[in-house]
file coords-v7.txt (compact mmCIF, C-alpha atoms and all ligand atoms)
# COMPACT_ATOMS: atom_id res chain seq x y z
CA MET A 1 26.27 -10.76 -3.06
CA ASP A 2 29.18 -9.31 -1.18
CA GLN A 3 27.86 -9.67 2.39
CA ARG A 4 29.65 -6.67 3.82
CA LYS A 5 30.24 -7.18 7.54
CA THR A 6 28.66 -4.36 9.45
CA THR A 7 28.11 -3.34 13.03
CA ARG A 8 25.10 -1.28 11.93
CA PRO A 9 21.51 -2.53 12.26
CA VAL A 10 20.49 -4.45 9.13
CA VAL A 11 16.95 -4.48 7.75
CA ALA A 12 16.37 -7.17 5.12
CA VAL A 13 13.53 -6.47 2.71
CA ILE A 14 11.92 -8.66 0.08
CA GLY A 15 11.06 -6.71 -3.07
CA GLY A 16 12.91 -4.32 -5.33
CA GLY A 17 10.33 -1.75 -6.43
CA GLN A 18 9.84 1.90 -5.55
CA LEU A 19 8.84 1.15 -1.95
CA ALA A 20 12.16 -0.47 -0.99
CA ARG A 21 13.92 2.27 -2.97
CA MET A 22 12.25 4.91 -0.80
CA MET A 23 13.05 2.86 2.33
CA GLN A 24 16.68 3.16 1.23
CA GLU A 25 16.51 6.96 1.43
CA SER A 26 15.39 6.73 5.06
CA ALA A 27 17.89 3.98 5.87
CA ILE A 28 20.69 6.30 4.74
CA ALA A 29 19.52 9.03 7.09
CA LEU A 30 19.19 6.66 10.04
CA GLY A 31 22.54 5.00 9.35
CA VAL A 32 20.81 1.65 9.01
CA ASP A 33 21.86 -0.90 6.38
CA LEU A 34 19.15 -2.00 3.99
CA ARG A 35 19.57 -5.32 2.24
CA ALA A 36 17.08 -6.15 -0.50
CA LEU A 37 16.04 -9.21 -2.47
CA VAL A 38 15.27 -7.59 -5.81
CA GLU A 39 13.70 -8.77 -9.05
CA SER A 40 16.43 -6.99 -11.00
CA ARG A 41 19.63 -5.12 -10.21
CA ASP A 42 18.57 -2.48 -12.74
CA GLY A 43 15.25 -2.04 -10.97
CA ALA A 44 14.07 0.78 -8.72
CA THR A 45 15.82 -0.62 -5.62
CA GLY A 46 18.73 -2.47 -7.24
CA GLN A 47 20.03 0.86 -8.61
CA VAL A 48 20.34 2.42 -5.17
CA THR A 49 20.80 -0.38 -2.62
CA VAL A 50 24.40 -1.57 -2.48
CA ASN A 51 23.40 -4.78 -0.73
CA SER A 52 20.98 -6.12 -3.34
CA ILE A 53 20.54 -9.78 -4.13
CA GLU A 54 18.91 -10.54 -7.45
CA GLY A 55 16.35 -13.32 -7.37
CA THR A 56 12.96 -14.42 -6.12
CA PRO A 57 11.70 -15.48 -2.67
CA SER A 58 11.26 -19.02 -4.04
CA ASP A 59 15.07 -19.43 -4.02
CA ASP A 60 15.89 -20.66 -0.49
CA ALA A 61 19.64 -20.07 -0.77
CA LEU A 62 19.14 -16.44 -1.77
CA VAL A 63 16.63 -15.83 1.00
CA ASP A 64 19.05 -17.37 3.51
CA ALA A 65 21.77 -15.00 2.29
CA LEU A 66 19.32 -12.11 2.59
CA VAL A 67 18.51 -12.73 6.25
CA ASP A 68 21.98 -13.94 7.34
CA GLY A 69 23.05 -11.65 10.20
CA ALA A 70 20.13 -9.26 9.61
CA ASP A 71 18.21 -7.80 12.56
CA VAL A 72 14.77 -8.11 10.98
CA LEU A 73 13.02 -9.19 7.79
CA THR A 74 10.29 -7.07 6.24
CA PHE A 75 8.56 -6.69 2.86
CA GLU A 76 7.59 -4.17 0.26
CA HIS A 77 4.79 -6.33 -1.17
CA GLU A 78 2.47 -9.03 0.12
CA HIS A 79 3.27 -11.78 -2.34
CA ILE A 80 5.43 -13.83 0.01
CA PRO A 81 4.61 -17.54 0.43
CA GLN A 82 3.48 -18.39 3.98
CA SER A 83 5.69 -21.51 3.81
CA LEU A 84 8.76 -19.29 3.46
CA LEU A 85 7.78 -17.24 6.51
CA THR A 86 7.18 -20.38 8.55
CA ARG A 87 10.63 -21.65 7.63
CA LEU A 88 12.35 -18.36 8.54
CA ALA A 89 10.39 -17.47 11.69
CA PRO A 90 12.64 -19.43 14.12
CA HIS A 91 15.72 -17.64 12.78
CA ILE A 92 14.86 -13.96 12.47
CA PRO A 93 12.18 -11.51 13.61
CA ILE A 94 9.68 -11.08 10.76
CA GLU A 95 7.70 -7.82 10.80
CA PRO A 96 4.83 -8.01 10.10
CA SER A 97 4.49 -11.63 11.19
CA ALA A 98 3.15 -14.35 8.91
CA ALA A 99 -0.04 -14.52 10.98
CA SER A 100 -0.71 -10.80 10.49
CA LEU A 101 0.41 -10.68 6.88
CA LEU A 102 -2.14 -13.35 5.98
CA PHE A 103 -4.89 -10.72 6.28
CA ALA A 104 -3.16 -8.54 3.69
CA GLN A 105 -2.55 -11.53 1.42
CA ASN A 106 -5.99 -13.08 1.41
CA LYS A 107 -9.05 -10.85 1.05
CA LEU A 108 -11.42 -13.62 2.16
CA ALA A 109 -9.44 -14.19 5.37
CA MET A 110 -9.41 -10.40 5.89
CA ARG A 111 -13.22 -10.04 5.41
CA GLN A 112 -13.83 -13.01 7.73
CA ARG A 113 -11.62 -11.62 10.50
CA LEU A 114 -12.83 -8.01 10.27
CA THR A 115 -16.43 -9.19 10.33
CA GLU A 116 -15.71 -11.24 13.48
CA LEU A 117 -14.26 -8.09 15.03
CA GLY A 118 -17.38 -6.11 14.13
CA ILE A 119 -15.43 -3.75 11.87
CA PRO A 120 -17.68 -2.25 9.17
CA CYS A 121 -17.15 -3.83 5.72
CA PRO A 122 -19.18 -3.96 2.50
CA GLN A 123 -21.64 -6.88 2.43
CA TRP A 124 -19.64 -9.83 1.18
CA ALA A 125 -19.70 -13.59 0.59
CA ARG A 126 -17.32 -16.39 -0.24
CA VAL A 127 -18.49 -17.81 -3.56
CA THR A 128 -17.45 -21.06 -5.17
CA SER A 129 -19.96 -21.38 -8.04
CA VAL A 130 -21.87 -19.30 -10.58
CA ASP A 131 -25.02 -20.11 -8.58
CA ASP A 132 -23.42 -18.63 -5.43
CA VAL A 133 -22.55 -15.47 -7.36
CA ARG A 134 -26.10 -15.19 -8.73
CA ALA A 135 -27.65 -15.71 -5.29
CA PHE A 136 -25.38 -13.03 -3.78
CA GLY A 137 -26.13 -10.52 -6.55
CA ASP A 138 -29.87 -11.15 -6.24
CA ARG A 139 -29.60 -10.52 -2.50
CA VAL A 140 -27.50 -7.31 -2.48
CA GLY A 141 -28.40 -5.92 -5.93
CA TRP A 142 -26.56 -5.84 -9.26
CA PRO A 143 -23.92 -5.05 -10.33
CA ILE A 144 -21.64 -6.59 -7.72
CA ILE A 145 -17.84 -6.60 -7.31
CA VAL A 146 -15.98 -9.91 -7.54
CA LYS A 147 -12.36 -10.24 -6.42
CA THR A 148 -9.71 -12.91 -6.48
CA PRO A 149 -8.83 -13.52 -2.81
CA THR A 150 -5.07 -13.52 -3.44
CA GLY A 151 -2.57 -12.05 -5.85
CA GLY A 152 -4.47 -8.87 -6.79
CA TYR A 153 -2.92 -5.40 -7.01
CA ASP A 154 -3.79 -2.07 -8.62
CA GLY A 155 -7.24 -3.31 -9.58
CA HIS A 156 -6.00 -6.53 -11.19
CA GLY A 157 -8.21 -9.20 -9.69
CA VAL A 158 -11.20 -6.84 -9.20
CA ARG A 159 -14.21 -6.96 -11.54
CA VAL A 160 -17.57 -5.25 -11.77
CA VAL A 161 -19.99 -8.06 -12.53
CA ASP A 162 -23.46 -7.60 -14.08
CA ASP A 163 -24.13 -11.24 -14.74
CA ALA A 164 -22.97 -14.23 -12.69
CA SER A 165 -21.72 -16.02 -15.81
CA ASP A 166 -19.08 -13.24 -16.24
CA VAL A 167 -16.93 -14.97 -13.60
CA ALA A 168 -17.35 -18.55 -14.86
CA GLN A 169 -13.81 -18.47 -16.26
CA TRP A 170 -12.33 -17.22 -12.94
CA LEU A 171 -14.25 -19.92 -11.06
CA SER A 172 -12.86 -22.59 -13.34
CA GLU A 173 -9.35 -21.46 -12.41
CA ARG A 174 -9.72 -21.13 -8.62
CA SER A 175 -11.68 -22.75 -5.85
CA GLU A 176 -13.13 -19.59 -4.30
CA LEU A 177 -13.74 -15.90 -4.92
CA LEU A 178 -14.82 -12.93 -2.83
CA ALA A 179 -18.11 -11.28 -3.84
CA GLU A 180 -18.94 -7.82 -2.50
CA GLU A 181 -21.77 -5.37 -2.87
CA LYS A 182 -20.80 -2.47 -5.17
CA VAL A 183 -20.49 0.26 -2.59
CA PRO A 184 -22.01 3.62 -3.66
CA PHE A 185 -19.15 5.55 -2.08
CA THR A 186 -18.88 9.34 -2.20
CA SER A 187 -15.11 9.21 -1.70
CA GLU A 188 -12.29 6.92 -0.64
CA VAL A 189 -9.93 7.54 2.27
CA ALA A 190 -6.87 5.82 3.69
CA ALA A 191 -5.98 5.51 7.35
CA LEU A 192 -2.21 5.17 7.67
CA LEU A 193 -0.34 4.27 10.83
CA ALA A 194 2.65 2.40 12.14
CA ARG A 195 2.81 0.00 15.04
CA SER A 196 5.96 -1.35 16.66
CA PRO A 197 6.38 -4.82 18.19
CA SER A 198 6.31 -3.11 21.62
CA GLY A 199 2.82 -1.88 20.77
CA GLU A 200 3.47 1.82 20.14
CA ILE A 201 1.04 3.17 17.52
CA ARG A 202 1.14 6.46 15.63
CA SER A 203 -1.37 7.49 12.97
CA TRP A 204 -0.86 10.09 10.27
CA PRO A 205 -3.75 12.36 9.33
CA VAL A 206 -6.34 10.42 7.29
CA ALA A 207 -6.04 11.19 3.55
CA THR A 208 -8.51 11.27 0.65
CA THR A 209 -7.53 8.94 -2.19
CA GLU A 210 -8.67 8.93 -5.81
CA GLN A 211 -8.41 5.81 -7.96
CA VAL A 212 -8.58 5.70 -11.75
CA ASP A 213 -9.23 2.22 -13.19
CA GLY A 214 -8.37 0.74 -9.79
CA VAL A 215 -5.00 2.54 -9.59
CA CYS A 216 -4.22 5.25 -7.05
CA SER A 217 -3.98 8.57 -8.88
CA VAL A 218 -4.22 11.48 -6.41
CA VAL A 219 -3.93 11.62 -2.61
CA THR A 220 -4.83 14.69 -0.51
CA ALA A 221 -3.96 15.00 3.15
CA PRO A 222 -5.69 15.79 5.35
CA ALA A 223 -8.96 14.34 4.00
CA SER A 224 -11.64 16.94 3.32
CA GLY A 225 -15.41 16.93 2.85
CA MET A 226 -16.23 14.84 5.90
CA SER A 227 -16.94 15.49 9.56
CA ASP A 228 -14.29 15.18 12.26
CA GLN A 229 -16.34 12.29 13.57
CA VAL A 230 -15.98 10.31 10.33
CA VAL A 231 -12.25 11.10 10.12
CA ASN A 232 -11.78 10.02 13.74
CA SER A 233 -13.69 6.81 13.17
CA ALA A 234 -11.46 6.01 10.16
CA GLN A 235 -8.40 6.51 12.32
CA ASP A 236 -9.87 4.48 15.21
CA ILE A 237 -10.72 1.59 12.86
CA GLY A 238 -7.16 1.63 11.50
CA GLU A 239 -5.65 1.49 14.99
CA ARG A 240 -8.06 -1.19 16.11
CA ILE A 241 -7.16 -3.37 13.12
CA ALA A 242 -3.44 -2.88 13.88
CA ARG A 243 -3.90 -3.99 17.49
CA GLU A 244 -6.31 -6.86 16.87
CA LEU A 245 -4.31 -8.30 13.97
CA GLY A 246 -0.97 -7.67 15.67
CA VAL A 247 0.30 -5.67 12.69
CA THR A 248 3.86 -4.32 12.91
CA GLY A 249 5.40 -1.74 10.58
CA VAL A 250 3.24 0.52 8.44
CA LEU A 251 -0.42 -0.38 7.96
CA ALA A 252 -2.61 1.29 5.34
CA VAL A 253 -6.36 0.73 5.56
CA GLU A 254 -8.26 1.77 2.44
CA MET A 255 -11.86 2.72 3.13
CA PHE A 256 -15.01 3.83 1.34
CA VAL A 257 -16.94 6.85 2.64
CA VAL A 258 -20.69 6.32 2.25
CA GLY A 259 -23.84 8.25 3.15
CA GLN A 260 -24.44 11.95 3.70
CA GLY A 261 -24.58 14.26 6.70
CA ASP A 262 -25.16 12.47 10.00
CA ASN A 263 -25.35 9.11 8.20
CA GLN A 264 -21.86 9.43 6.74
CA HIS A 265 -19.60 6.54 7.74
CA VAL A 266 -16.73 4.40 6.46
CA LEU A 267 -16.47 0.78 5.29
CA VAL A 268 -13.12 -0.98 5.10
CA ASN A 269 -12.02 -1.94 1.58
CA GLU A 270 -8.58 -3.44 2.06
CA LEU A 271 -5.36 -3.61 4.04
CA ALA A 272 -1.69 -3.20 3.12
CA MET A 273 1.01 -4.03 5.67
CA ARG A 274 3.91 -1.98 4.32
CA PRO A 275 4.48 1.58 3.16
CA HIS A 276 1.70 2.36 0.72
CA ASN A 277 1.08 4.65 -2.24
CA THR A 278 -1.54 6.54 -0.21
CA GLY A 279 1.25 7.45 2.24
CA HIS A 280 3.81 8.91 -0.18
CA TRP A 281 2.60 12.39 0.79
CA THR A 282 4.24 11.86 4.22
CA ILE A 283 7.75 12.10 2.70
CA ASP A 284 7.34 15.82 2.10
CA GLY A 285 4.23 16.57 4.13
CA ALA A 286 4.75 15.01 7.56
CA VAL A 287 7.36 15.27 10.29
CA THR A 288 8.18 11.56 9.84
CA SER A 289 7.73 9.79 6.51
CA GLN A 290 6.11 6.37 6.25
CA PHE A 291 9.41 4.93 5.03
CA GLU A 292 11.42 6.12 8.02
CA GLN A 293 8.59 5.07 10.33
CA HIS A 294 8.47 1.60 8.81
CA LEU A 295 12.19 1.11 9.52
CA ARG A 296 11.77 2.45 13.04
CA ALA A 297 8.76 0.22 13.66
CA VAL A 298 10.27 -3.03 12.36
CA LEU A 299 13.44 -2.37 14.38
CA ASP A 300 11.23 -1.67 17.42
CA LEU A 301 12.64 1.84 17.80
CA PRO A 302 10.58 4.73 19.20
CA LEU A 303 8.23 6.05 16.51
CA GLY A 304 8.39 9.56 15.06
CA ASP A 305 5.85 12.36 15.04
CA THR A 306 3.21 11.90 12.33
CA ALA A 307 1.85 15.45 12.32
CA ALA A 308 1.59 17.41 9.07
CA LEU A 309 4.56 19.73 8.60
CA ARG A 310 2.26 22.61 7.68
CA PRO A 311 -0.90 22.40 9.77
CA GLY A 312 -3.80 24.04 7.95
CA ALA A 313 -2.25 23.39 4.51
CA SER A 314 -3.06 20.53 2.13
CA THR A 315 -0.44 18.10 0.90
CA VAL A 316 -1.35 16.76 -2.54
CA MET A 317 0.44 13.82 -4.16
CA VAL A 318 -0.12 13.01 -7.84
CA ASN A 319 1.16 9.75 -9.32
CA LEU A 320 3.12 9.60 -12.55
CA LEU A 321 1.51 6.67 -14.38
CA GLY A 322 3.25 5.92 -17.68
CA SER A 323 5.04 8.36 -19.96
CA SER A 324 5.61 8.85 -23.67
CA LEU A 325 9.25 9.78 -22.95
CA PRO A 326 12.12 7.30 -22.99
CA ASP A 327 12.81 8.47 -19.42
CA PRO A 328 10.72 10.97 -17.46
CA ALA A 329 13.89 12.32 -15.78
CA ARG A 330 14.70 13.93 -19.18
CA ALA A 331 11.73 16.21 -18.59
CA LEU A 332 12.99 17.50 -15.23
CA PRO A 333 13.73 21.01 -16.56
CA ALA A 334 10.18 21.46 -17.84
CA ALA A 335 8.54 19.62 -14.94
CA LEU A 336 10.35 21.57 -12.23
CA ALA A 337 9.52 24.82 -13.97
CA ALA A 338 5.86 23.85 -14.45
CA GLY A 339 5.39 22.60 -10.90
CA GLY A 340 7.08 25.63 -9.38
CA PRO A 341 9.76 25.76 -6.71
CA ARG A 342 7.59 23.99 -4.14
CA ALA A 343 6.91 20.89 -6.24
CA ARG A 344 8.79 17.86 -4.94
CA ILE A 345 9.46 15.37 -7.72
CA HIS A 346 10.18 11.71 -6.92
CA LEU A 347 11.21 9.42 -9.78
CA TYR A 348 11.70 5.71 -9.28
CA GLY A 349 14.26 4.96 -12.01
CA LYS A 350 11.90 2.44 -13.60
CA GLU A 351 11.75 1.52 -17.24
CA VAL A 352 8.76 3.17 -18.91
CA ARG A 353 5.71 0.99 -19.60
CA PRO A 354 2.12 2.08 -20.24
CA GLY A 355 0.33 2.92 -16.98
CA ARG A 356 3.31 1.93 -14.83
CA LYS A 357 3.95 3.81 -11.56
CA LEU A 358 7.11 5.74 -12.48
CA GLY A 359 7.13 8.44 -9.84
CA HIS A 360 5.05 11.00 -7.99
CA VAL A 361 4.96 14.72 -7.36
CA THR A 362 3.97 16.34 -4.07
CA VAL A 363 2.98 19.97 -3.47
CA ILE A 364 1.93 21.57 -0.18
CA ASP A 365 -0.26 24.67 -0.27
CA GLU A 366 -2.92 26.39 1.84
CA ASP A 367 -5.08 26.12 -1.29
CA ALA A 368 -5.65 22.41 -2.04
CA ALA A 369 -6.76 23.13 -5.62
CA ALA A 370 -3.59 25.13 -6.31
CA ALA A 371 -1.43 22.33 -4.89
CA ARG A 372 -3.20 19.79 -7.06
CA ALA A 373 -2.89 21.92 -10.19
CA ALA A 374 0.84 22.50 -9.64
CA ALA A 375 1.51 18.78 -9.06
CA GLN A 376 -0.54 17.88 -12.13
CA ARG A 377 1.38 20.36 -14.29
CA ALA A 378 4.67 18.76 -13.27
CA VAL A 379 3.29 15.26 -13.85
CA ALA A 380 2.03 16.24 -17.31
CA CYS A 381 5.57 17.28 -18.27
CA LEU A 382 7.01 14.02 -16.92
CA ARG A 383 4.43 12.14 -18.99
CA GLY A 384 5.74 13.94 -22.05
CA GLU A 385 2.55 15.96 -22.59
P1 LIG A 401 -6.49 -3.93 -5.33
O1 LIG A 401 -6.18 -5.02 -4.36
O2 LIG A 401 -6.20 -4.32 -6.75
O3 LIG A 401 -5.94 -2.58 -4.95
P2 LIG A 401 -9.10 -3.10 -4.33
O4 LIG A 401 -9.87 -4.12 -3.61
O5 LIG A 401 -8.43 -2.03 -3.54
O6 LIG A 401 -8.08 -3.81 -5.32
O7 LIG A 401 -10.02 -2.39 -5.40
C1 LIG A 401 -9.53 -1.40 -6.28
C2 LIG A 401 -10.58 -0.29 -6.46
O8 LIG A 401 -11.80 -0.86 -6.98
C3 LIG A 401 -10.98 0.38 -5.15
O9 LIG A 401 -10.11 1.41 -4.78
C4 LIG A 401 -12.37 0.90 -5.52
O10 LIG A 401 -12.26 2.12 -6.25
C5 LIG A 401 -12.92 -0.21 -6.39
N1 LIG A 401 -13.65 -1.18 -5.54
C6 LIG A 401 -13.14 -2.26 -4.90
N2 LIG A 401 -14.08 -2.89 -4.17
C7 LIG A 401 -15.23 -2.20 -4.33
C8 LIG A 401 -16.57 -2.34 -3.83
N3 LIG A 401 -16.94 -3.35 -3.04
N4 LIG A 401 -17.48 -1.41 -4.22
C9 LIG A 401 -17.16 -0.40 -5.06
N5 LIG A 401 -15.92 -0.21 -5.57
C10 LIG A 401 -14.96 -1.09 -5.22
call {"tool": "encode", "arguments": {"input": "coords-v7.txt", "output": "structure tokens"}}
result
Amino acid sequence: MDQRKTTRPVVAVIGGGQLARMMQESAIALGVDLRALVESRDGATGQVTVNSIEGTPSDDALVDALVDGADVLTFEHEHIPQSLLTRLAPHIPIEPSAASLLFAQNKLAMRQRLTELGIPCPQWARVTSVDDVRAFGDRVGWPIIVKTPTGGYDGHGVRVVDDASDVAQWLSERSELLAEEKVPFTSEVAALLARSPSGEIRSWPVATTEQVDGVCSVVTAPASGMSDQVVNSAQDIGERIARELGVTGVLAVEMFVVGQGDNQHVLVNELAMRPHNTGHWTIDGAVTSQFEQHLRAVLDLPLGDTAALRPGASTVMVNLLGSSLPDPARALPAALAAGGPRARIHLYGKEVRPGRKLGHVTVIDEDAAAARAAAQRAVACLRGE
């Protein structure tokens, strides 16, 4: 890479997907240089980030070039070897730190730590044999959920299990798995916040999230259908996790809402320490987007206001997952017309593959159902329907 000399702050990021691409938009506005280690120069980030290095984090020379002269190193995904972070830590601030990131990389470590902190989680167990799985299922009731502790994303590495023998293959490939009760949730929410190394924390309004086959599909902010008390407890849990785990940058905490009426409460599902799909609504719907806030946080700058731009309105974000078109951008005329003048379309420049996250559409409206319908109409066009 041509390491352009710059007097500007430099944020180095590992990962070249849509999240680093959207960080680039905010970096432009702030006058900050983004430098990215990308899987491909043609990818979502490589197309837009001048200072892109093509390669993987396993290549030491490339990683050294990435961080050379940078002010901070951050990530757009969790799949970063701890050994790499240990090697780099003496040379550059890493936000979030390796010690914090561990809890977003390993679901068993996360469950263990949150349980120690008394933070409400589904019932869970570390299982190493089919007998362990059977004993856990018999205790909490079938079916159960079994997860690979590391490497999962978008529902890969999550299984509904009716019979302990279903995971025999998984157990033959790894030494341990995470078993959880299958939570009878009424909805899912995400608490989203940013924390800076100096300890400043700002939370966005809690959002309702809808998953289809383990993949985020629709996000509505603010969350609806639950008491202020439940919303506040979700936000408090998010902030407590950020403080206790020393998280820096954006933290998303995905949670299940269970129970009815006065018994309604949340259980933590999982953590992401980076801008997150459940926070894309903040680009158009909040004073400060999660991408700008992440840059501010990792550079230890003062954080921005997280309030909704239109208090009292709903911001609805619908994901574009796959398309029958060669490129969804070809459908912009139809999609912009179908979504109406308030629909904000974000396309990631990615090659089309079935089910792949290719973009999202956000609409803000006093009427949440109308916002959702408008966003869905635009997405349908982008899908080629
Ligand atoms: P990933 O790391 O792949 O995003 P998650 O742990 O977030 O996986 O699980 C994906 C989805 O699977 C969740 O959003 C939820 O809908 C469902 N799920 C996960 N764990 C449980 C559970 N213990 N009980 C019920 N549903 C679950």
call {"tool": "residues_near_ligand", "arguments": {"input": "coords-v7.txt", "ligand": "ligand LIG 401 (chain A)", "cutoff": "9 Å", "atoms": "all atoms listed in the file", "output": "PyMOL selection string"}}
result
chain A and resi 107+121-124+144-148+150-160+179-185+187-188+209-216+254-256+269-272
call {"tool": "residues_around", "arguments": {"input": "coords-v7.txt", "residues": "Pro333 (chain A)", "least_positions_apart": "5", "cutoff": "10 Å", "atoms": "all atoms listed in the file", "output": "list in words"}}
result
Ala338, Ala378, Cys381 and Leu382 of chain A
call {"tool": "closest_residue", "arguments": {"input": "coords-v7.txt", "among": "A:Gly238, A:Gly384, A:Gly285, A:Pro328", "to": "Asp365 (chain A)", "atoms": "all atoms listed in the file"}}
result
A:Gly285
call {"tool": "residues_around", "arguments": {"input": "coords-v7.txt", "residues": "region 164-174 of chain A", "least_positions_apart": "6", "cutoff": "8 Å", "atoms": "all atoms listed in the file", "output": "list in words"}}
result
Thr128, Ser129, Val130, Asp131, Val133, Arg134, Gly137 and Val146 of chain A
call {"tool": "write_last_selection", "arguments": {"input": "coords-v7.txt", "atoms": "C-alpha atoms", "output": "PDB file, keeping the file's coordinate frame"}}
result
ATOM      1  CA  THR A 128     -17.450 -21.060  -5.170  1.00  0.00           C
ATOM      2  CA  SER A 129     -19.960 -21.380  -8.040  1.00  0.00           C
ATOM      3  CA  VAL A 130     -21.870 -19.300 -10.580  1.00  0.00           C
ATOM      4  CA  ASP A 131     -25.020 -20.110  -8.580  1.00  0.00           C
ATOM      5  CA  VAL A 133     -22.550 -15.470  -7.360  1.00  0.00           C
ATOM      6  CA  ARG A 134     -26.100 -15.190  -8.730  1.00  0.00           C
ATOM      7  CA  GLY A 137     -26.130 -10.520  -6.550  1.00  0.00           C
ATOM      8  CA  VAL A 146     -15.980  -9.910  -7.540  1.00  0.00           C
TER       9      VAL A 146
END
call {"tool": "residues_around", "arguments": {"input": "coords-v7.txt", "residues": "Glu78 (chain A)", "least_positions_apart": "6", "cutoff": "9 Å", "atoms": "all atoms listed in the file", "output": "list in words"}}
result
Leu101, Leu102, Ala104, Gln105, Gly151, Ala272, Met273 and Arg274 of chain A
call {"tool": "residues_around", "arguments": {"input": "coords-v7.txt", "residues": "Leu193 (chain A)", "least_positions_apart": "4", "cutoff": "12 Å", "atoms": "only C-alpha atoms", "output": "PDB file with C-alpha atoms, in the frame of the given file"}}
result
ATOM      1  CA  GLU A 200       3.470   1.820  20.140  1.00  0.00           C
ATOM      2  CA  ILE A 201       1.040   3.170  17.520  1.00  0.00           C
ATOM      3  CA  ARG A 202       1.140   6.460  15.630  1.00  0.00           C
ATOM      4  CA  SER A 203      -1.370   7.490  12.970  1.00  0.00           C
ATOM      5  CA  TRP A 204      -0.860  10.090  10.270  1.00  0.00           C
ATOM      6  CA  PRO A 205      -3.750  12.360   9.330  1.00  0.00           C
ATOM      7  CA  VAL A 206      -6.340  10.420   7.290  1.00  0.00           C
ATOM      8  CA  ALA A 207      -6.040  11.190   3.550  1.00  0.00           C
ATOM      9  CA  ALA A 234     -11.460   6.010  10.160  1.00  0.00           C
ATOM     10  CA  GLN A 235      -8.400   6.510  12.320  1.00  0.00           C
ATOM     11  CA  ASP A 236      -9.870   4.480  15.210  1.00  0.00           C
ATOM     12  CA  ILE A 237     -10.720   1.590  12.860  1.00  0.00           C
ATOM     13  CA  GLY A 238      -7.160   1.630  11.500  1.00  0.00           C
ATOM     14  CA  GLU A 239      -5.650   1.490  14.990  1.00  0.00           C
ATOM     15  CA  ARG A 240      -8.060  -1.190  16.110  1.00  0.00           C
ATOM     16  CA  ILE A 241      -7.160  -3.370  13.120  1.00  0.00           C
ATOM     17  CA  ALA A 242      -3.440  -2.880  13.880  1.00  0.00           C
ATOM     18  CA  ARG A 243      -3.900  -3.990  17.490  1.00  0.00           C
ATOM     19  CA  VAL A 247       0.300  -5.670  12.690  1.00  0.00           C
ATOM     20  CA  THR A 248       3.860  -4.320  12.910  1.00  0.00           C
ATOM     21  CA  GLY A 249       5.400  -1.740  10.580  1.00  0.00           C
ATOM     22  CA  VAL A 250       3.240   0.520   8.440  1.00  0.00           C
ATOM     23  CA  LEU A 251      -0.420  -0.380   7.960  1.00  0.00           C
ATOM     24  CA  ALA A 252      -2.610   1.290   5.340  1.00  0.00           C
ATOM     25  CA  VAL A 253      -6.360   0.730   5.560  1.00  0.00           C
ATOM     26  CA  GLU A 254      -8.260   1.770   2.440  1.00  0.00           C
ATOM     27  CA  LEU A 271      -5.360  -3.610   4.040  1.00  0.00           C
ATOM     28  CA  ALA A 272      -1.690  -3.200   3.120  1.00  0.00           C
ATOM     29  CA  MET A 273       1.010  -4.030   5.670  1.00  0.00           C
ATOM     30  CA  ARG A 274       3.910  -1.980   4.320  1.00  0.00           C
ATOM     31  CA  PRO A 275       4.480   1.580   3.160  1.00  0.00           C
ATOM     32  CA  HIS A 276       1.700   2.360   0.720  1.00  0.00           C
ATOM     33  CA  THR A 278      -1.540   6.540  -0.210  1.00  0.00           C
ATOM     34  CA  GLY A 279       1.250   7.450   2.240  1.00  0.00           C
ATOM     35  CA  THR A 282       4.240  11.860   4.220  1.00  0.00           C
ATOM     36  CA  THR A 288       8.180  11.560   9.840  1.00  0.00           C
ATOM     37  CA  SER A 289       7.730   9.790   6.510  1.00  0.00           C
ATOM     38  CA  GLN A 290       6.110   6.370   6.250  1.00  0.00           C
ATOM     39  CA  PHE A 291       9.410   4.930   5.030  1.00  0.00           C
ATOM     40  CA  GLN A 293       8.590   5.070  10.330  1.00  0.00           C
ATOM     41  CA  HIS A 294       8.470   1.600   8.810  1.00  0.00           C
ATOM     42  CA  ALA A 297       8.760   0.220  13.660  1.00  0.00           C
ATOM     43  CA  LEU A 303       8.230   6.050  16.510  1.00  0.00           C
ATOM     44  CA  GLY A 304       8.390   9.560  15.060  1.00  0.00           C
ATOM     45  CA  ASP A 305       5.850  12.360  15.040  1.00  0.00           C
ATOM     46  CA  THR A 306       3.210  11.900  12.330  1.00  0.00           C
ATOM     47  CA  ALA A 307       1.850  15.450  12.320  1.00  0.00           C
TER      48      ALA A 307
END
call {"tool": "residues_around", "arguments": {"input": "coords-v7.txt", "residues": "Val363 (chain A)", "least_positions_apart": "3", "cutoff": "6 Å", "atoms": "only C-alpha atoms", "output": "list in words"}}
result
Thr315, Val316, Ala343, Ala371 and Ala375 of chain A
call {"tool": "write_last_selection", "arguments": {"input": "coords-v7.txt", "atoms": "C-alpha atoms", "output": "short mmCIF file (atom, residue, chain, number, x, y, z; two decimals), in the frame of the given file"}}
result
data_model
loop_
_atom_site.label_atom_id
_atom_site.label_comp_id
_atom_site.auth_asym_id
_atom_site.auth_seq_id
_atom_site.Cartn_x
_atom_site.Cartn_y
_atom_site.Cartn_z
CA THR A 315 -0.44 18.10 0.90
CA VAL A 316 -1.35 16.76 -2.54
CA ALA A 343 6.91 20.89 -6.24
CA ALA A 371 -1.43 22.33 -4.89
CA ALA A 375 1.51 18.78 -9.06
#
call {"tool": "closest_residue", "arguments": {"input": "coords-v7.txt", "among": "A:Ala44, A:Leu192, A:Leu73, A:Pro149", "to": "Asn106 (chain A)", "atoms": "all atoms listed in the file"}}
result
A:Pro149
call {"tool": "atom_distance", "arguments": {"input": "coords-v7.txt", "atom1": "CA of Arg330 (chain A)", "atom2": "CA of Pro354 (chain A)"}}
result
17.3 Å
